[in-house]
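So this block is entry.cif, mmCIF, C-alpha atoms:
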```cif
data_model
loop_
_atom_site.label_atom_id
_atom_site.label_comp_id
_atom_site.auth_asym_id
_atom_site.auth_seq_id
_atom_site.Cartn_x
_atom_site.Cartn_y
_atom_site.Cartn_z
CA MET A 1 14.45 -76.57 6.22
CA ILE A 2 15.00 -72.82 6.35
CA HIS A 3 17.95 -70.59 6.94
CA THR A 4 16.12 -67.80 8.73
CA LEU A 5 14.64 -68.06 12.19
CA PRO A 6 10.86 -67.69 11.80
CA ASP A 7 9.53 -64.82 13.92
CA GLU A 8 6.88 -67.06 15.45
CA TYR A 9 9.57 -69.39 16.84
CA ARG A 10 12.01 -66.71 18.01
CA ASP A 11 10.74 -66.95 21.59
CA LEU A 12 12.00 -70.53 21.90
CA LEU A 13 15.57 -69.28 21.52
CA GLU A 14 15.06 -66.14 23.57
CA ARG A 15 13.42 -67.80 26.59
CA PRO A 16 15.50 -69.69 29.18
CA LEU A 17 14.39 -73.14 28.10
CA ILE A 18 16.37 -76.36 28.33
CA GLY A 19 17.25 -77.81 24.93
CA ILE A 20 18.54 -81.22 23.93
CA LEU A 21 21.91 -81.22 22.16
CA ALA A 22 22.72 -84.06 19.78
CA THR A 23 26.28 -84.81 18.78
CA VAL A 24 27.84 -87.72 16.93
CA SER A 25 30.72 -89.72 18.34
CA PRO A 26 33.65 -90.73 16.13
CA ASP A 27 32.16 -94.23 15.83
CA GLY A 28 28.95 -92.78 14.43
CA ARG A 29 26.68 -93.07 17.45
CA PRO A 30 24.41 -90.18 18.36
CA SER A 31 24.51 -88.87 21.91
CA LEU A 32 22.11 -86.52 23.69
CA GLN A 33 22.48 -84.04 26.51
CA PRO A 34 20.06 -81.52 28.04
CA MET A 35 21.71 -78.10 27.90
CA ARG A 36 21.23 -74.50 28.95
CA PHE A 37 22.12 -71.99 26.25
CA THR A 38 22.23 -68.36 25.18
CA TRP A 39 21.26 -66.93 21.79
CA ASP A 40 22.60 -63.69 20.30
CA GLY A 41 20.71 -63.78 17.01
CA ALA A 42 23.38 -65.77 15.19
CA HIS A 43 25.07 -68.19 17.55
CA ILE A 44 24.07 -70.53 20.32
CA ARG A 45 26.46 -70.67 23.25
CA MET A 46 26.67 -73.44 25.84
CA SER A 47 28.95 -74.13 28.76
CA GLN A 48 30.89 -77.34 28.80
CA THR A 49 33.75 -78.92 30.70
CA ILE A 50 36.61 -80.11 28.53
CA PRO A 51 36.79 -83.63 29.97
CA ARG A 52 33.09 -84.12 29.31
CA ARG A 53 32.31 -86.70 26.72
CA LYS A 54 30.09 -84.26 24.78
CA PHE A 55 33.03 -82.13 23.87
CA VAL A 56 35.14 -84.71 22.14
CA PRO A 57 32.47 -85.67 19.59
CA LEU A 58 32.02 -82.05 18.55
CA GLN A 59 35.73 -81.71 17.91
CA ALA A 60 35.80 -84.81 15.70
CA ASN A 61 32.46 -84.12 14.03
CA PRO A 62 31.35 -80.50 14.43
CA ASN A 63 27.79 -81.15 13.26
CA TYR A 64 25.16 -80.71 15.94
CA SER A 65 21.42 -80.67 16.22
CA PHE A 66 19.64 -78.86 19.02
CA ILE A 67 15.95 -79.15 19.78
CA ILE A 68 13.91 -76.86 22.00
CA THR A 69 10.41 -77.70 23.20
CA ASP A 70 8.07 -74.98 24.42
CA SER A 71 7.54 -75.86 28.08
CA ASP A 72 4.17 -74.09 27.95
CA ASN A 73 3.04 -75.93 24.81
CA PRO A 74 4.97 -79.16 24.18
CA ALA A 75 3.55 -79.42 20.65
CA ARG A 76 5.70 -76.40 19.65
CA VAL A 77 9.20 -77.53 18.84
CA LEU A 78 12.14 -75.98 17.01
CA GLU A 79 15.14 -77.92 15.77
CA ILE A 80 18.30 -75.98 14.98
CA THR A 81 21.18 -77.54 13.10
CA GLY A 82 24.65 -76.31 12.25
CA TRP A 83 28.17 -76.84 13.43
CA LEU A 84 30.63 -75.94 16.13
CA VAL A 85 32.39 -72.69 15.17
CA THR A 86 34.86 -72.42 17.97
CA VAL A 87 35.50 -73.10 21.61
CA GLY A 88 36.20 -70.19 23.91
CA GLY A 89 37.68 -70.27 27.38
CA ASP A 90 35.70 -69.26 30.45
CA PRO A 91 38.51 -69.08 33.03
CA GLU A 92 36.69 -66.59 35.27
CA GLY A 93 33.35 -68.34 34.87
CA ASP A 94 31.75 -65.21 33.37
CA PHE A 95 29.72 -67.16 30.85
CA TYR A 96 28.72 -69.69 33.46
CA ARG A 97 27.39 -66.85 35.64
CA GLU A 98 25.58 -65.37 32.63
CA LEU A 99 23.79 -68.71 32.22
CA GLY A 100 22.92 -68.67 35.91
CA ARG A 101 21.33 -65.23 35.59
CA ARG A 102 19.43 -66.20 32.45
CA TYR A 103 18.09 -69.34 34.12
CA GLY A 104 16.94 -67.67 37.30
CA ASN A 105 19.90 -68.57 39.49
CA PRO A 106 21.82 -65.27 39.71
CA ASP A 107 23.68 -66.50 42.78
CA GLU A 108 24.65 -69.83 41.26
CA PRO A 109 28.24 -70.45 42.36
CA VAL A 110 30.91 -70.92 39.74
CA PRO A 111 31.58 -74.66 39.65
CA ALA A 112 34.76 -76.18 41.06
CA ASP A 113 35.77 -77.24 37.55
CA VAL A 114 35.79 -73.64 36.29
CA ASP A 115 39.36 -73.98 35.03
CA ASP A 116 38.16 -76.69 32.64
CA ARG A 117 35.04 -74.77 31.58
CA VAL A 118 34.73 -73.74 27.96
CA VAL A 119 32.08 -72.01 25.89
CA LEU A 120 30.86 -73.89 22.85
CA ILE A 121 29.95 -71.43 20.09
CA LEU A 122 27.57 -73.04 17.63
CA ASP A 123 26.59 -71.61 14.27
CA ALA A 124 22.84 -71.82 13.63
CA GLN A 125 22.45 -72.81 9.98
CA HIS A 126 18.94 -74.24 9.72
CA PHE A 127 15.76 -73.70 11.69
CA ILE A 128 13.23 -76.50 11.44
CA PRO A 129 9.85 -75.87 13.08
CA LYS A 130 8.15 -79.10 14.12
CA THR A 131 4.85 -80.14 15.58
CA ALA A 132 5.43 -82.73 18.28
CA PRO A 133 2.93 -85.41 19.13
CA THR A 134 1.27 -84.69 22.44
CA ALA A 135 0.97 -86.76 25.59
CA PRO A 136 -2.00 -86.96 27.97
CA SER A 137 -0.10 -84.89 30.53
CA ALA A 138 0.67 -82.12 28.06
CA THR A 139 -0.50 -78.78 29.37
CA HIS A 140 -1.91 -77.53 26.10
CA ALA A 141 -2.32 -80.72 24.08
CA SER A 142 -3.85 -79.92 20.74
CA MET D 1 26.44 -96.27 31.22
CA ILE D 2 24.50 -99.30 32.34
CA HIS D 3 22.87 -102.23 30.59
CA THR D 4 19.95 -102.65 32.97
CA LEU D 5 17.08 -100.22 33.30
CA PRO D 6 17.25 -98.81 36.84
CA ASP D 7 13.99 -99.39 38.71
CA GLU D 8 13.77 -95.74 39.68
CA TYR D 9 13.71 -94.69 36.00
CA ARG D 10 11.38 -97.41 34.75
CA ASP D 11 8.37 -95.09 34.89
CA LEU D 12 9.86 -92.87 32.18
CA LEU D 13 9.54 -95.75 29.71
CA GLU D 14 6.21 -96.96 31.03
CA ARG D 15 4.42 -93.60 31.01
CA PRO D 16 3.10 -92.10 27.76
CA LEU D 17 5.75 -89.41 27.48
CA ILE D 18 7.14 -87.85 24.31
CA GLY D 19 10.80 -88.65 23.75
CA ILE D 20 13.35 -87.17 21.38
CA LEU D 21 14.87 -89.61 18.87
CA ALA D 22 18.34 -88.89 17.51
CA THR D 23 19.55 -90.52 14.34
CA VAL D 24 22.60 -89.89 12.18
CA SER D 25 22.35 -89.20 8.47
CA PRO D 26 24.76 -90.85 6.03
CA ASP D 27 26.76 -87.61 5.87
CA GLY D 28 27.28 -87.70 9.63
CA ARG D 29 24.80 -85.06 10.73
CA PRO D 30 22.59 -85.73 13.75
CA SER D 31 18.86 -85.23 13.36
CA LEU D 32 16.16 -85.05 16.04
CA GLN D 33 12.49 -85.88 16.10
CA PRO D 34 9.92 -85.93 18.94
CA MET D 35 8.33 -89.39 19.02
CA ARG D 36 5.65 -91.42 20.75
CA PHE D 37 6.75 -94.91 21.71
CA THR D 38 5.89 -98.17 23.46
CA TRP D 39 8.12 -100.23 25.73
CA ASP D 40 7.82 -103.98 26.34
CA GLY D 41 10.75 -104.38 28.73
CA ALA D 42 13.30 -104.99 26.00
CA HIS D 43 12.43 -102.99 22.90
CA ILE D 44 11.17 -99.53 22.09
CA ARG D 45 8.68 -99.35 19.24
CA MET D 46 7.79 -96.25 17.24
CA SER D 47 5.57 -95.61 14.26
CA GLN D 48 7.13 -94.15 11.16
CA THR D 49 6.26 -93.55 7.54
CA ILE D 50 8.70 -95.01 5.07
CA PRO D 51 9.17 -91.83 3.03
CA ARG D 52 10.03 -89.92 6.18
CA ARG D 53 13.56 -88.66 6.34
CA LYS D 54 14.07 -90.21 9.79
CA PHE D 55 13.78 -93.67 8.42
CA VAL D 56 16.55 -93.53 5.88
CA PRO D 57 19.27 -92.60 8.40
CA LEU D 58 18.39 -95.56 10.62
CA GLN D 59 18.74 -97.92 7.69
CA ALA D 60 22.18 -96.59 6.82
CA ASN D 61 23.31 -96.16 10.43
CA PRO D 62 21.18 -98.19 12.86
CA ASN D 63 22.55 -96.43 15.96
CA TYR D 64 20.02 -94.28 17.77
CA SER D 65 19.77 -92.34 20.97
CA PHE D 66 16.44 -91.60 22.63
CA ILE D 67 15.95 -89.24 25.51
CA ILE D 68 12.90 -89.00 27.75
CA THR D 69 12.28 -86.11 30.13
CA ASP D 70 9.89 -86.49 33.05
CA SER D 71 7.13 -83.98 32.26
CA ASP D 72 6.39 -83.70 35.99
CA ASN D 73 10.03 -83.11 36.92
CA PRO D 74 12.17 -81.90 34.00
CA ALA D 75 15.38 -82.53 35.97
CA ARG D 76 14.74 -86.29 35.66
CA VAL D 77 15.99 -87.52 32.30
CA LEU D 78 16.80 -90.94 30.88
CA GLU D 79 18.84 -91.50 27.73
CA ILE D 80 18.53 -94.87 26.01
CA THR D 81 20.93 -95.93 23.28
CA GLY D 82 21.05 -98.94 21.01
CA TRP D 83 20.28 -99.79 17.42
CA LEU D 84 17.47 -100.53 15.04
CA VAL D 85 16.71 -104.26 15.16
CA THR D 86 14.10 -104.48 12.47
CA VAL D 87 11.27 -102.73 10.73
CA GLY D 88 7.83 -104.29 10.81
CA GLY D 89 4.83 -103.45 8.68
CA ASP D 90 1.68 -101.93 10.10
CA PRO D 91 -0.69 -102.33 7.12
CA GLU D 92 -3.84 -102.32 9.24
CA GLY D 93 -2.64 -99.53 11.48
CA ASP D 94 -2.85 -101.73 14.59
CA PHE D 95 0.31 -100.35 16.12
CA TYR D 96 -0.69 -96.83 15.25
CA ARG D 97 -3.99 -97.36 17.10
CA GLU D 98 -2.09 -98.86 20.06
CA LEU D 99 -0.08 -95.64 20.24
CA GLY D 100 -3.31 -93.65 20.13
CA ARG D 101 -4.74 -95.57 23.08
CA ARG D 102 -1.50 -95.26 25.06
CA TYR D 103 -1.37 -91.52 24.45
CA GLY D 104 -4.95 -90.83 25.42
CA ASN D 105 -6.43 -90.67 21.92
CA PRO D 106 -8.25 -94.01 21.62
CA ASP D 107 -10.34 -92.67 18.74
CA GLU D 108 -7.37 -91.29 16.83
CA PRO D 109 -8.04 -92.15 13.18
CA VAL D 110 -5.55 -94.25 11.29
CA PRO D 111 -3.62 -91.81 9.11
CA ALA D 112 -4.12 -91.63 5.37
CA ASP D 113 -0.55 -92.85 4.87
CA VAL D 114 -1.23 -96.13 6.70
CA ASP D 115 0.01 -98.18 3.76
CA ASP D 116 3.43 -96.58 4.20
CA ARG D 117 3.44 -96.95 7.99
CA VAL D 118 6.07 -99.12 9.60
CA VAL D 119 7.02 -100.00 13.14
CA LEU D 120 10.61 -99.29 14.13
CA ILE D 121 11.80 -101.88 16.65
CA LEU D 122 14.73 -100.54 18.61
CA ASP D 123 16.94 -102.58 20.88
CA ALA D 124 17.63 -100.83 24.18
CA GLN D 125 21.30 -101.45 24.98
CA HIS D 126 22.24 -98.75 27.46
CA PHE D 127 20.28 -96.75 30.00
CA ILE D 128 21.90 -93.49 31.04
CA PRO D 129 20.16 -91.59 33.87
CA LYS D 130 20.88 -87.85 33.69
CA THR D 131 20.13 -84.82 35.76
CA ALA D 132 19.07 -82.00 33.49
CA PRO D 133 19.66 -78.36 34.30
CA THR D 134 16.43 -76.66 35.25
CA ALA D 135 14.74 -73.59 33.86
CA PRO D 136 12.79 -70.92 35.77
CA SER D 137 9.54 -72.34 34.40
CA ALA D 138 10.31 -75.87 35.52
CA THR D 139 7.49 -77.22 37.66
CA HIS D 140 9.76 -78.88 40.21
CA ALA D 141 13.06 -77.08 39.74
CA SER D 142 15.63 -78.43 42.15
#
```
Serialized structure, structure tokens:
Amino acid sequence: MIHTLPDEYRDLLERPLIGILATVSPDGRPSLQPMRFTWDGAHIRMSQTIPRRKFVPLQANPNYSFIITDSDNPARVLEITGWLVTVGGDPEGDFYRELGRRYGNPDEPVPADVDDRVVLILDAQHFIPKTAPTAPSATHAS
Amino acid sequence: MIHTLPDEYRDLLERPLIGILATVSPDGRPSLQPMRFTWDGAHIRMSQTIPRRKFVPLQANPNYSFIITDSDNPARVLEITGWLVTVGGDPEGDFYRELGRRYGNPDEPVPADVDDRVVLILDAQHFIPKTAPTAPSATHAS
């Protein structure tokens, strides 16, 4: 477990990949959600709607884990752990549009629930490179 | 959240895909690990080494979440939640070899740590179909 992002895994945070966010509900159950994200070198940002179930767990227990698999080489995986720093508003949908541009949908319309949209700002504390087992369908199975 | 596996998601459990297992450590932090698995219609089985960190959390907090993404269509995702039922031994490495065959490596050698290998038997309580956001590199982005 390391506190600095290894250079050879930096691309997994910089590329528009889909990660899996793990949170823990107040009753101690883990929950998973595929998420788009941005990375500024220190924080991961994600868009969320306040009524969504994912948001409540992070308020009660701010610890998260986020795992990103290299879509070009599924054996390359990076887990990032840390905690929720703060929740920002996104009343104009600016962050939502930023995600759309990053993920190749520059014309993605702002969703109808934009008034409930928030930006989760997650501190990245640990970077844990992993080697995933590979499946027969893996593009570059090792 | 449903208690029966929907027919249209059954393939995600039957195909040799790599899933992401979420467990919760005793201090309440979620942790993630890519895992191979088998499915018999009621239970998910995975191979684990006793000293591995993943195992301890599931003993203290048996709740897990497991998420499987369709490698052919990353928008198709199934989350399964439940709890650890029991831990079986695998002293001869039979289950480990079964995983090897399922994942296209029938000649995969039994690992050196076979004496420490166990089989996690996980009850599948809830099946939660999800639609994941898609990335530019997704094969079948919707």
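Distance-wise, CA of Asp72 in chain A and CA of Arg45 in chain A end up 23.0 Å apart.
Residue nearest Ile20 in chain A, chosen from D:Ala132, D:Gly82, D:Pro109, D:Ala60 and counting only C-alpha atoms: D:Ala132.
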Taking the file as shown, what set of residues would the PyMOL selection byres ((chain D and resi 104) around 10) give back, as a ChimeraX atom specification? /A:134-137 /D:16,99-103,105-108
Taking C-alpha atoms for each residue, export the selection above as an mmCIF file, keeping the file's coordinate frame.
```cif
data_model
loop_
_atom_site.group_PDB
_atom_site.id
_atom_site.type_symbol
_atom_site.label_atom_id
_atom_site.label_comp_id
_atom_site.auth_asym_id
_atom_site.auth_seq_id
_atom_site.Cartn_x
_atom_site.Cartn_y
_atom_site.Cartn_z
ATOM 1 C CA THR A 134 1.270 -84.690 22.440
ATOM 2 C CA ALA A 135 0.970 -86.760 25.590
ATOM 3 C CA PRO A 136 -2.000 -86.960 27.970
ATOM 4 C CA SER A 137 -0.100 -84.890 30.530
ATOM 5 C CA PRO D 16 3.100 -92.100 27.760
ATOM 6 C CA LEU D 99 -0.080 -95.640 20.240
ATOM 7 C CA GLY D 100 -3.310 -93.650 20.130
ATOM 8 C CA ARG D 101 -4.740 -95.570 23.080
ATOM 9 C CA ARG D 102 -1.500 -95.260 25.060
ATOM 10 C CA TYR D 103 -1.370 -91.520 24.450
ATOM 11 C CA ASN D 105 -6.430 -90.670 21.920
ATOM 12 C CA PRO D 106 -8.250 -94.010 21.620
ATOM 13 C CA ASP D 107 -10.340 -92.670 18.740
ATOM 14 C CA GLU D 108 -7.370 -91.290 16.830
#
```
Which residues of chain A sit at most 10 Å from chain D, using only C-alpha atoms? Give each one's shortest atom pair and distance in Å (one decimal place), in chain and ascending residue order, as a tab-separated table.
```
residue	atom	partner	partner_atom	distance
A:Arg15	CA	D:Ala135	CA	9.4
A:Pro16	CA	D:Ala135	CA	6.1
A:Leu17	CA	D:Ala135	CA	5.8
A:Ile18	CA	D:Ala135	CA	6.4
A:Gly19	CA	D:Pro133	CA	9.7
A:Ile20	CA	D:Ile20	CA	8.3
A:Leu21	CA	D:Leu32	CA	9.2
A:Ala22	CA	D:Pro30	CA	6.3
A:Thr23	CA	D:Pro30	CA	6.3
A:Val24	CA	D:Pro30	CA	6.5
A:Ser25	CA	D:Gly28	CA	9.6
A:Pro26	CA	D:Gly28	CA	9.6
A:Asp27	CA	D:Asn63	CA	9.9
A:Gly28	CA	D:Gly28	CA	7.2
A:Arg29	CA	D:Asn63	CA	5.5
A:Pro30	CA	D:Ser65	CA	5.7
A:Ser31	CA	D:Ser65	CA	5.9
A:Leu32	CA	D:Ser65	CA	6.8
A:Gln33	CA	D:Ala132	CA	8.0
A:Pro34	CA	D:Ala132	CA	5.6
A:Met35	CA	D:Pro133	CA	6.7
A:Arg36	CA	D:Pro133	CA	6.8
A:Asn61	CA	D:Gly28	CA	7.7
A:Pro62	CA	D:Arg29	CA	8.8
A:Asn63	CA	D:Arg29	CA	5.5
A:Tyr64	CA	D:Pro30	CA	6.0
A:Ser65	CA	D:Pro30	CA	5.8
A:Phe66	CA	D:Leu32	CA	7.7
A:Ile67	CA	D:Leu32	CA	7.0
A:Thr69	CA	D:Pro34	CA	9.3
A:Ser71	CA	D:Ser137	CA	7.5
A:Asp72	CA	D:Ser137	CA	8.6
A:Pro74	CA	D:Ile18	CA	9.0
A:Ala75	CA	D:Pro34	CA	9.3
A:Val77	CA	D:Pro34	CA	8.4
A:Leu78	CA	D:Gln33	CA	9.9
A:Glu79	CA	D:Leu32	CA	7.2
A:Ile80	CA	D:Leu32	CA	9.4
A:Thr81	CA	D:Ser31	CA	8.0
A:Gly82	CA	D:Arg29	CA	8.9
A:Trp83	CA	D:Arg29	CA	9.3
A:Gly100	CA	D:Ala135	CA	9.8
A:Arg102	CA	D:Pro136	CA	8.8
A:Tyr103	CA	D:Ala135	CA	5.4
A:Gly104	CA	D:Pro136	CA	5.5
A:Asn105	CA	D:Pro136	CA	8.4
A:Lys130	CA	D:Gln33	CA	8.3
A:Thr131	CA	D:Pro34	CA	8.4
A:Ala132	CA	D:Pro34	CA	5.6
A:Pro133	CA	D:Met35	CA	6.7
A:Thr134	CA	D:Ile18	CA	6.9
A:Ala135	CA	D:Tyr103	CA	5.4
A:Pro136	CA	D:Gly104	CA	5.5
A:Ser137	CA	D:Ser71	CA	7.5
A:Ala138	CA	D:Ser71	CA	7.9
A:Thr139	CA	D:Ser71	CA	9.7
```
Hey, what comes out of the PyMOL selection byres ((chain D and resi 47) around 10) on this file? Could you write it as a PDB file with C-alpha atoms, in the frame of the given file?
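The resulting out-v6.pdb:
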```pdb
ATOM      1  CA  MET D  35       8.330 -89.390  19.020  1.00  0.00           C
ATOM      2  CA  ARG D  36       5.650 -91.420  20.750  1.00  0.00           C
ATOM      3  CA  PHE D  37       6.750 -94.910  21.710  1.00  0.00           C
ATOM      4  CA  THR D  38       5.890 -98.170  23.460  1.00  0.00           C
ATOM      5  CA  ARG D  45       8.680 -99.350  19.240  1.00  0.00           C
ATOM      6  CA  MET D  46       7.790 -96.250  17.240  1.00  0.00           C
ATOM      7  CA  GLN D  48       7.130 -94.150  11.160  1.00  0.00           C
ATOM      8  CA  THR D  49       6.260 -93.550   7.540  1.00  0.00           C
ATOM      9  CA  ILE D  50       8.700 -95.010   5.070  1.00  0.00           C
ATOM     10  CA  VAL D  87      11.270-102.730  10.730  1.00  0.00           C
ATOM     11  CA  GLY D  88       7.830-104.290  10.810  1.00  0.00           C
ATOM     12  CA  GLY D  89       4.830-103.450   8.680  1.00  0.00           C
ATOM     13  CA  ASP D  90       1.680-101.930  10.100  1.00  0.00           C
ATOM     14  CA  GLY D  93      -2.640 -99.530  11.480  1.00  0.00           C
ATOM     15  CA  PHE D  95       0.310-100.350  16.120  1.00  0.00           C
ATOM     16  CA  TYR D  96      -0.690 -96.830  15.250  1.00  0.00           C
ATOM     17  CA  LEU D  99      -0.080 -95.640  20.240  1.00  0.00           C
ATOM     18  CA  ARG D 117       3.440 -96.950   7.990  1.00  0.00           C
ATOM     19  CA  VAL D 118       6.070 -99.120   9.600  1.00  0.00           C
ATOM     20  CA  VAL D 119       7.020-100.000  13.140  1.00  0.00           C
ATOM     21  CA  LEU D 120      10.610 -99.290  14.130  1.00  0.00           C
ATOM     22  CA  ILE D 121      11.800-101.880  16.650  1.00  0.00           C
TER      23      ILE D 121
END
```
Once chain A has been least-squares superposed onto chain D, matching all their Cα atoms in order, can you return it as a CSV table (one decimal) with C-alpha atoms, keeping the file's coordinate frame?
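Result written to superposed.csv:
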```
chain,number,residue,atom,x,y,z
A,1,MET,CA,26.5,-96.3,31.2
A,2,ILE,CA,24.5,-99.3,32.3
A,3,HIS,CA,22.9,-102.2,30.6
A,4,THR,CA,19.9,-102.6,33.0
A,5,LEU,CA,17.1,-100.2,33.3
A,6,PRO,CA,17.2,-98.8,36.8
A,7,ASP,CA,14.0,-99.4,38.7
A,8,GLU,CA,13.8,-95.7,39.7
A,9,TYR,CA,13.7,-94.7,36.0
A,10,ARG,CA,11.4,-97.4,34.8
A,11,ASP,CA,8.4,-95.1,34.9
A,12,LEU,CA,9.9,-92.9,32.2
A,13,LEU,CA,9.6,-95.7,29.7
A,14,GLU,CA,6.2,-97.0,31.0
A,15,ARG,CA,4.4,-93.6,31.0
A,16,PRO,CA,3.1,-92.1,27.8
A,17,LEU,CA,5.7,-89.4,27.5
A,18,ILE,CA,7.1,-87.9,24.3
A,19,GLY,CA,10.8,-88.7,23.7
A,20,ILE,CA,13.3,-87.2,21.4
A,21,LEU,CA,14.9,-89.6,18.9
A,22,ALA,CA,18.3,-88.9,17.5
A,23,THR,CA,19.6,-90.5,14.3
A,24,VAL,CA,22.6,-89.9,12.2
A,25,SER,CA,22.3,-89.2,8.5
A,26,PRO,CA,24.7,-90.9,6.0
A,27,ASP,CA,26.7,-87.6,5.9
A,28,GLY,CA,27.3,-87.7,9.6
A,29,ARG,CA,24.8,-85.1,10.7
A,30,PRO,CA,22.6,-85.7,13.7
A,31,SER,CA,18.9,-85.2,13.4
A,32,LEU,CA,16.2,-85.1,16.0
A,33,GLN,CA,12.5,-85.9,16.1
A,34,PRO,CA,9.9,-85.9,18.9
A,35,MET,CA,8.3,-89.4,19.0
A,36,ARG,CA,5.6,-91.4,20.7
A,37,PHE,CA,6.8,-94.9,21.7
A,38,THR,CA,5.9,-98.2,23.4
A,39,TRP,CA,8.1,-100.2,25.7
A,40,ASP,CA,7.8,-104.0,26.3
A,41,GLY,CA,10.7,-104.4,28.7
A,42,ALA,CA,13.3,-105.0,26.0
A,43,HIS,CA,12.4,-103.0,22.9
A,44,ILE,CA,11.2,-99.5,22.1
A,45,ARG,CA,8.7,-99.4,19.2
A,46,MET,CA,7.8,-96.3,17.2
A,47,SER,CA,5.6,-95.6,14.2
A,48,GLN,CA,7.1,-94.1,11.2
A,49,THR,CA,6.2,-93.5,7.5
A,50,ILE,CA,8.7,-95.0,5.1
A,51,PRO,CA,9.2,-91.8,3.0
A,52,ARG,CA,10.0,-89.9,6.2
A,53,ARG,CA,13.6,-88.7,6.4
A,54,LYS,CA,14.0,-90.2,9.8
A,55,PHE,CA,13.8,-93.7,8.4
A,56,VAL,CA,16.5,-93.6,5.9
A,57,PRO,CA,19.2,-92.6,8.4
A,58,LEU,CA,18.4,-95.6,10.6
A,59,GLN,CA,18.7,-97.9,7.7
A,60,ALA,CA,22.2,-96.6,6.8
A,61,ASN,CA,23.3,-96.2,10.4
A,62,PRO,CA,21.2,-98.2,12.9
A,63,ASN,CA,22.5,-96.4,16.0
A,64,TYR,CA,20.0,-94.3,17.8
A,65,SER,CA,19.8,-92.3,21.0
A,66,PHE,CA,16.4,-91.6,22.6
A,67,ILE,CA,15.9,-89.2,25.5
A,68,ILE,CA,12.9,-89.0,27.8
A,69,THR,CA,12.3,-86.1,30.1
A,70,ASP,CA,9.9,-86.5,33.1
A,71,SER,CA,7.1,-84.0,32.3
A,72,ASP,CA,6.4,-83.7,36.0
A,73,ASN,CA,10.0,-83.1,36.9
A,74,PRO,CA,12.2,-81.9,34.0
A,75,ALA,CA,15.4,-82.5,36.0
A,76,ARG,CA,14.8,-86.3,35.7
A,77,VAL,CA,16.0,-87.5,32.3
A,78,LEU,CA,16.8,-90.9,30.9
A,79,GLU,CA,18.8,-91.5,27.7
A,80,ILE,CA,18.5,-94.9,26.0
A,81,THR,CA,20.9,-95.9,23.3
A,82,GLY,CA,21.0,-98.9,21.0
A,83,TRP,CA,20.3,-99.8,17.4
A,84,LEU,CA,17.5,-100.5,15.1
A,85,VAL,CA,16.7,-104.3,15.2
A,86,THR,CA,14.1,-104.5,12.5
A,87,VAL,CA,11.3,-102.7,10.7
A,88,GLY,CA,7.8,-104.3,10.8
A,89,GLY,CA,4.8,-103.4,8.7
A,90,ASP,CA,1.7,-101.9,10.1
A,91,PRO,CA,-0.7,-102.3,7.1
A,92,GLU,CA,-3.8,-102.3,9.2
A,93,GLY,CA,-2.6,-99.5,11.5
A,94,ASP,CA,-2.8,-101.7,14.6
A,95,PHE,CA,0.3,-100.3,16.1
A,96,TYR,CA,-0.7,-96.8,15.2
A,97,ARG,CA,-4.0,-97.4,17.1
A,98,GLU,CA,-2.1,-98.9,20.0
A,99,LEU,CA,-0.1,-95.6,20.2
A,100,GLY,CA,-3.3,-93.6,20.1
A,101,ARG,CA,-4.7,-95.6,23.1
A,102,ARG,CA,-1.5,-95.3,25.1
A,103,TYR,CA,-1.4,-91.5,24.5
A,104,GLY,CA,-5.0,-90.8,25.4
A,105,ASN,CA,-6.4,-90.7,21.9
A,106,PRO,CA,-8.3,-94.0,21.6
A,107,ASP,CA,-10.3,-92.7,18.8
A,108,GLU,CA,-7.4,-91.3,16.8
A,109,PRO,CA,-8.0,-92.2,13.2
A,110,VAL,CA,-5.6,-94.3,11.3
A,111,PRO,CA,-3.6,-91.8,9.1
A,112,ALA,CA,-4.1,-91.6,5.3
A,113,ASP,CA,-0.5,-92.9,4.9
A,114,VAL,CA,-1.2,-96.1,6.7
A,115,ASP,CA,0.0,-98.2,3.8
A,116,ASP,CA,3.4,-96.6,4.2
A,117,ARG,CA,3.4,-96.9,8.0
A,118,VAL,CA,6.1,-99.1,9.6
A,119,VAL,CA,7.0,-100.0,13.1
A,120,LEU,CA,10.6,-99.3,14.1
A,121,ILE,CA,11.8,-101.9,16.6
A,122,LEU,CA,14.7,-100.5,18.6
A,123,ASP,CA,17.0,-102.6,20.9
A,124,ALA,CA,17.6,-100.8,24.2
A,125,GLN,CA,21.3,-101.5,25.0
A,126,HIS,CA,22.3,-98.8,27.5
A,127,PHE,CA,20.3,-96.7,30.0
A,128,ILE,CA,21.9,-93.5,31.0
A,129,PRO,CA,20.2,-91.6,33.9
A,130,LYS,CA,20.9,-87.9,33.7
A,131,THR,CA,20.1,-84.8,35.8
A,132,ALA,CA,19.1,-82.0,33.5
A,133,PRO,CA,19.7,-78.3,34.3
A,134,THR,CA,16.4,-76.6,35.2
A,135,ALA,CA,14.7,-73.6,33.8
A,136,PRO,CA,12.8,-70.9,35.8
A,137,SER,CA,9.5,-72.3,34.4
A,138,ALA,CA,10.3,-75.9,35.5
A,139,THR,CA,7.5,-77.2,37.7
A,140,HIS,CA,9.7,-78.9,40.2
A,141,ALA,CA,13.1,-77.1,39.7
A,142,SER,CA,15.6,-78.4,42.2
```
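Interatomic distance, CA of Asp40 in chain A to CA of Glu14 in chain A: 8.6 Å.
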Nearest to Trp39 in chain D, chosen from D:Phe127, D:Asp115, D:Leu122, D:Tyr9, with only C-alpha atoms counted in the distances: D:Leu122
By how many Å are CA of Pro57 in chain D and CA of Pro91 in chain D apart? 22.2 Å
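Closest approach to Leu12 in chain A among A:Ala124, A:Leu84, A:Pro129, A:Glu98: A:Pro129, based on all atoms listed in the file.
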